[in-house]
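Asker: File entry23.cif below, mmCIF, C-alpha atoms:
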```
data_protein
loop_
_atom_site.label_atom_id
_atom_site.label_comp_id
_atom_site.auth_asym_id
_atom_site.auth_seq_id
_atom_site.Cartn_x
_atom_site.Cartn_y
_atom_site.Cartn_z
CA MET A 1 99.43 60.04 101.65
CA SER A 2 99.29 58.49 98.19
CA MET A 3 100.22 54.85 97.68
CA ARG A 4 103.25 55.84 95.59
CA ARG A 5 104.51 58.23 98.28
CA ALA A 6 103.85 55.66 101.04
CA ALA A 7 105.77 53.00 99.10
CA ALA A 8 108.63 55.46 98.52
CA VAL A 9 108.81 56.33 102.23
CA ILE A 10 108.78 52.67 103.30
CA GLY A 11 111.31 51.64 100.66
CA THR A 12 113.59 54.55 101.52
CA ALA A 13 113.41 53.76 105.24
CA ILE A 14 114.34 50.13 104.59
CA PHE A 15 117.21 51.16 102.30
CA PHE A 16 118.39 53.68 104.94
CA VAL A 17 118.64 50.97 107.60
CA PHE A 18 120.40 48.46 105.37
CA VAL A 19 122.82 50.68 103.47
CA PRO A 20 123.98 53.94 105.12
CA CYS A 21 123.42 52.67 108.65
CA VAL A 22 125.55 49.63 107.86
CA LEU A 23 128.21 51.52 105.85
CA ALA A 24 128.53 54.47 108.26
CA GLY A 25 127.63 52.75 111.53
CA VAL A 26 128.01 48.98 111.68
CA VAL A 27 131.17 48.69 109.57
CA PRO A 28 133.03 51.52 111.38
CA TRP A 29 132.06 49.95 114.70
CA TRP A 30 133.26 46.54 113.47
CA ILE A 31 136.59 48.07 112.37
CA SER A 32 137.21 50.24 115.44
CA ARG A 33 134.81 49.08 118.17
CA TRP A 34 134.55 52.88 118.59
CA GLU A 35 137.65 52.78 120.75
CA PHE A 36 139.47 56.05 121.30
CA LEU A 37 143.06 55.84 120.07
CA PRO A 38 145.56 58.67 120.47
CA PRO A 39 144.26 61.66 118.49
CA PHE A 40 145.71 62.45 115.08
CA PHE A 41 148.78 64.73 115.26
CA ASP A 42 148.55 64.33 119.05
CA LEU A 43 145.95 67.12 119.08
CA GLN A 44 142.79 66.65 121.12
CA ALA A 45 141.17 69.39 119.02
CA THR A 46 141.01 66.96 116.10
CA ARG A 47 138.32 65.08 118.01
CA ALA A 48 136.08 68.16 117.78
CA VAL A 49 136.55 68.18 114.00
CA GLY A 50 135.52 64.52 113.90
CA THR A 51 132.47 65.21 116.02
CA LEU A 52 131.47 68.10 113.74
CA LEU A 53 131.72 65.89 110.65
CA VAL A 54 129.50 63.23 112.23
CA VAL A 55 127.00 65.79 113.55
CA ALA A 56 126.86 67.57 110.17
CA GLY A 57 126.62 64.36 108.15
CA LEU A 58 123.72 62.70 109.95
CA PRO A 59 120.99 65.32 109.44
CA GLY A 60 122.15 65.88 105.86
CA LEU A 61 121.80 62.18 105.20
CA VAL A 62 118.32 61.98 106.73
CA ASP A 63 117.16 65.10 104.86
CA SER A 64 118.45 63.79 101.52
CA PHE A 65 116.73 60.44 102.02
CA ALA A 66 113.46 62.16 102.95
CA ARG A 67 113.62 64.29 99.79
CA PHE A 68 114.12 61.18 97.65
CA ALA A 69 110.95 59.65 99.07
CA LEU A 70 108.70 62.71 99.39
CA GLN A 71 109.75 64.77 96.37
CA GLY A 72 111.37 62.19 94.10
CA LEU A 73 108.68 59.58 94.84
CA GLY A 74 111.25 56.83 94.87
CA THR A 75 114.17 55.44 96.80
CA PRO A 76 117.96 55.70 96.53
CA ALA A 77 117.98 52.00 95.56
CA PRO A 78 118.47 51.42 91.82
CA ILE A 79 115.60 48.92 91.84
CA ALA A 80 113.09 51.66 92.86
CA PRO A 81 114.55 54.95 91.57
CA PRO A 82 112.88 58.33 92.01
CA GLN A 83 110.25 59.41 89.49
CA HIS A 84 111.32 63.07 89.73
CA LEU A 85 114.80 64.58 89.79
CA VAL A 86 115.47 65.98 93.27
CA VAL A 87 117.12 69.41 93.11
CA THR A 88 116.11 70.92 96.46
CA GLY A 89 117.68 70.99 99.92
CA LEU A 90 121.33 69.95 99.92
CA TYR A 91 121.00 68.98 96.26
CA ARG A 92 121.16 72.72 95.50
CA TYR A 93 124.76 72.66 96.78
CA VAL A 94 126.16 69.26 95.77
CA ARG A 95 124.87 66.56 93.40
CA ASN A 96 125.60 63.67 95.76
CA PRO A 97 124.76 64.77 99.31
CA MET A 98 123.98 61.22 100.46
CA TYR A 99 127.42 59.96 99.51
CA VAL A 100 129.09 63.09 100.88
CA ALA A 101 127.21 62.65 104.16
CA VAL A 102 128.11 58.95 104.49
CA VAL A 103 131.78 59.68 103.84
CA ALA A 104 131.66 62.64 106.27
CA VAL A 105 130.24 60.39 109.01
CA ILE A 106 132.90 57.72 108.37
CA LEU A 107 135.79 60.20 108.24
CA GLY A 108 134.34 62.01 111.25
CA GLN A 109 134.50 58.78 113.22
CA ALA A 110 138.06 58.20 111.98
CA ILE A 111 139.13 61.62 113.22
CA LEU A 112 137.10 61.40 116.45
CA PHE A 113 138.57 58.02 117.37
CA GLY A 114 142.03 58.67 115.90
CA ASP A 115 141.72 55.52 113.80
CA SER A 116 143.65 55.42 110.52
CA ARG A 117 141.84 52.20 109.53
CA LEU A 118 138.58 54.15 109.43
CA MET A 119 140.31 56.87 107.41
CA THR A 120 141.34 54.23 104.87
CA TYR A 121 137.82 52.77 104.87
CA GLY A 122 136.34 56.25 104.30
CA GLY A 123 138.67 56.80 101.35
CA LEU A 124 137.77 53.43 99.87
CA MET A 125 134.06 54.17 100.29
CA TRP A 126 134.47 57.49 98.47
CA LEU A 127 136.31 55.71 95.63
CA ALA A 128 133.50 53.13 95.40
CA PHE A 129 130.85 55.88 95.37
CA HIS A 130 132.81 57.81 92.73
CA ALA A 131 133.09 54.76 90.49
CA PHE A 132 129.36 54.02 90.89
CA VAL A 133 128.40 57.62 90.12
CA LEU A 134 130.56 57.74 86.98
CA THR A 135 129.72 54.33 85.56
CA TYR A 136 126.06 53.92 86.51
CA GLU A 137 124.29 56.78 88.23
CA GLU A 138 125.14 59.74 86.01
CA PRO A 139 124.49 57.92 82.71
CA VAL A 140 121.14 56.61 84.01
CA LEU A 141 120.07 60.03 85.30
CA ALA A 142 121.11 61.69 82.03
CA GLN A 143 119.05 59.16 80.07
CA LYS A 144 116.00 59.39 82.36
CA PHE A 145 115.88 63.15 83.01
CA GLY A 146 117.65 64.51 79.91
CA ALA A 147 118.07 68.29 79.74
CA GLN A 148 116.85 68.77 83.31
CA TYR A 149 119.69 66.58 84.62
CA GLU A 150 122.23 68.17 82.25
CA ASP A 151 121.30 71.62 83.59
CA PHE A 152 121.63 70.34 87.17
CA ARG A 153 124.96 68.66 86.38
CA ALA A 154 126.31 71.80 84.71
CA ASN A 155 125.48 73.96 87.74
CA VAL A 156 125.97 71.76 90.80
CA PRO A 157 129.32 70.10 91.57
CA ARG A 158 129.57 66.35 92.09
CA TRP A 159 131.54 66.31 95.39
CA ILE A 160 132.66 69.74 96.65
CA PRO A 161 129.58 71.79 97.61
CA ARG A 162 128.84 75.20 96.10
CA LEU A 163 128.95 78.13 98.50
CA SER A 164 125.55 79.44 97.40
CA PRO A 165 122.48 77.38 96.53
CA TRP A 166 121.72 76.71 92.87
CA ARG A 167 118.32 77.84 91.75
CA THR A 168 116.62 76.23 88.77
CA ALA A 169 115.47 78.48 85.94
#
```
Using the file provided, produce a representation of the structure as structure tokens.
Answerer:
Amino acid sequence: MSMRRAAAVIGTAIFFVFVPCVLAGVVPWWISRWEFLPPFFDLQATRAVGTLLVVAGLPGLVDSFARFALQGLGTPAPIAPPQHLVVTGLYRYVRNPMYVAVVAVILGQAILFGDSRLMTYGGLMWLAFHAFVLTYEEPVLAQKFGAQYEDFRANVPRWIPRLSPWRTA
């Protein structure tokens, strides 16, 4: 493994522990203590929906982080950004799979535990991610990757995934 790739893997692993694990694990636990409250709409079936969101979000998050390190040769942290634009895996469906996955895990916990406080937290996290993407991330990516990013942005939605994978030209 090259030094650049090794540094990207280590940096990404550290960022993973300190950001998504805290945002989607520690903070929801702190808010809810993962205590089961009555299910939303008094329907036990909602708990299955919550479980599905958590189960779907976690591997998507791990895969997206791995792609940043191994293909992008960087980290999700702005201080050590990727050297290459990542447009494979879940990035073929949605431009921000990490943020989508974190919000899915938070909202999944909210639905699983029947906790409206977690639902509010998940909404606030999405708003924070959206503001960050609009004001910082997209302008920086457009400047760094130019036409390649513009093509990606024109073909892959920001938040709601495509039904079929986008393929670069």
Asker: For a quick check of understanding, using all atoms listed in the file, which of A:Val26, A:Ala48, A:Ala110, A:Leu70 has the smallest distance to A:Thr88?
Answerer: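 Looking at the shortest contact to A:Thr88, the residue is A:Leu70.
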Asker: Applied to the shown file, which residues does the PyMOL selection byres ((chain A and resi 101) around 10) return, written as a ChimeraX atom specification?
Answerer: /A:20,24,53-62,64,96-100,102-107
Asker: Given the PyMOL selection byres ((chain A and resi 75-87) around 10) and the file above, list the residues it selects as a PyMOL selection string.
Answerer: chain A and resi 4+7-16+19+64-74+88-95+98+136-137+140-141+144-145+148-149+152+156+166-168
Asker: If you measure from atom CA of A:Pro161 to atom CA of A:Gly50, what distance in Å do you get, rounded to one decimal?
Answerer: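 Those two atoms sit 18.8 Å apart.
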Asker: Could you please determine the separation between atom CA of A:Gly114 and atom CA of A:Pro38 in Å, to one decimal place?
Answerer: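 According to the coordinates, atom CA of A:Gly114 and atom CA of A:Pro38 are separated by 5.8 Å.
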Asker: Taking the file as shown, find all residues satisfying the PyMOL selection byres ((chain A and resi 29) around 12) and write them as a list in words.
Answerer: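 Checked against the file, the PyMOL selection byres ((chain A and resi 29) around 12) matches Cys21, Val22, Leu23, Ala24, Gly25, Val26, Val27, Pro28, Trp30, Ile31, Ser32, Arg33, Trp34, Glu35, Phe36, Ile106, Gln109, Ala110, Phe113, Asp115, Arg117, Leu118 and Tyr121 of chain A.
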Asker: How would the residues just chosen look if you wrote them out with C-alpha atoms as a PDB file, keeping the file's coordinate frame?
Answerer:
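Now in part_12.pdb:
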```pdb
ATOM      1  CA  CYS A  21     123.420  52.670 108.650  1.00  0.00           C
ATOM      2  CA  VAL A  22     125.550  49.630 107.860  1.00  0.00           C
ATOM      3  CA  LEU A  23     128.210  51.520 105.850  1.00  0.00           C
ATOM      4  CA  ALA A  24     128.530  54.470 108.260  1.00  0.00           C
ATOM      5  CA  GLY A  25     127.630  52.750 111.530  1.00  0.00           C
ATOM      6  CA  VAL A  26     128.010  48.980 111.680  1.00  0.00           C
ATOM      7  CA  VAL A  27     131.170  48.690 109.570  1.00  0.00           C
ATOM      8  CA  PRO A  28     133.030  51.520 111.380  1.00  0.00           C
ATOM      9  CA  TRP A  30     133.260  46.540 113.470  1.00  0.00           C
ATOM     10  CA  ILE A  31     136.590  48.070 112.370  1.00  0.00           C
ATOM     11  CA  SER A  32     137.210  50.240 115.440  1.00  0.00           C
ATOM     12  CA  ARG A  33     134.810  49.080 118.170  1.00  0.00           C
ATOM     13  CA  TRP A  34     134.550  52.880 118.590  1.00  0.00           C
ATOM     14  CA  GLU A  35     137.650  52.780 120.750  1.00  0.00           C
ATOM     15  CA  PHE A  36     139.470  56.050 121.300  1.00  0.00           C
ATOM     16  CA  ILE A 106     132.900  57.720 108.370  1.00  0.00           C
ATOM     17  CA  GLN A 109     134.500  58.780 113.220  1.00  0.00           C
ATOM     18  CA  ALA A 110     138.060  58.200 111.980  1.00  0.00           C
ATOM     19  CA  PHE A 113     138.570  58.020 117.370  1.00  0.00           C
ATOM     20  CA  ASP A 115     141.720  55.520 113.800  1.00  0.00           C
ATOM     21  CA  ARG A 117     141.840  52.200 109.530  1.00  0.00           C
ATOM     22  CA  LEU A 118     138.580  54.150 109.430  1.00  0.00           C
ATOM     23  CA  TYR A 121     137.820  52.770 104.870  1.00  0.00           C
TER      24      TYR A 121
END
```
Asker: Do you have the atom CA of A:Thr46-atom CA of A:Ser116 distance handy?
Answerer: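 Computed distance, atom CA of A:Thr46 to atom CA of A:Ser116, equals 13.1 Å.
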Asker: Pick from A:Met119, A:Met125, A:Ile160, A:Gly108: nearest to A:Leu52, with only C-alpha atoms counted?
Answerer: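 Distance minimum relative to A:Leu52 lands on A:Gly108.
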Asker: Measuring between only C-alpha atoms, which one of A:Leu112, A:Met1, A:Val17, A:Ala6 shows the shortest distance to A:Thr51?
Answerer: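 Among the listed residues, A:Leu112 lies closest to A:Thr51.
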Asker: How big is the axis-aligned box around the listed atoms of stretch 16-20 of chain A once 5 Å is added on each side, and where is its centre? Give both in Å to one decimal, as JSON.
Answerer:
```
{"center_x": 121.2, "center_y": 51.2, "center_z": 105.5, "size_x": 15.6, "size_y": 15.5, "size_z": 14.1}
```
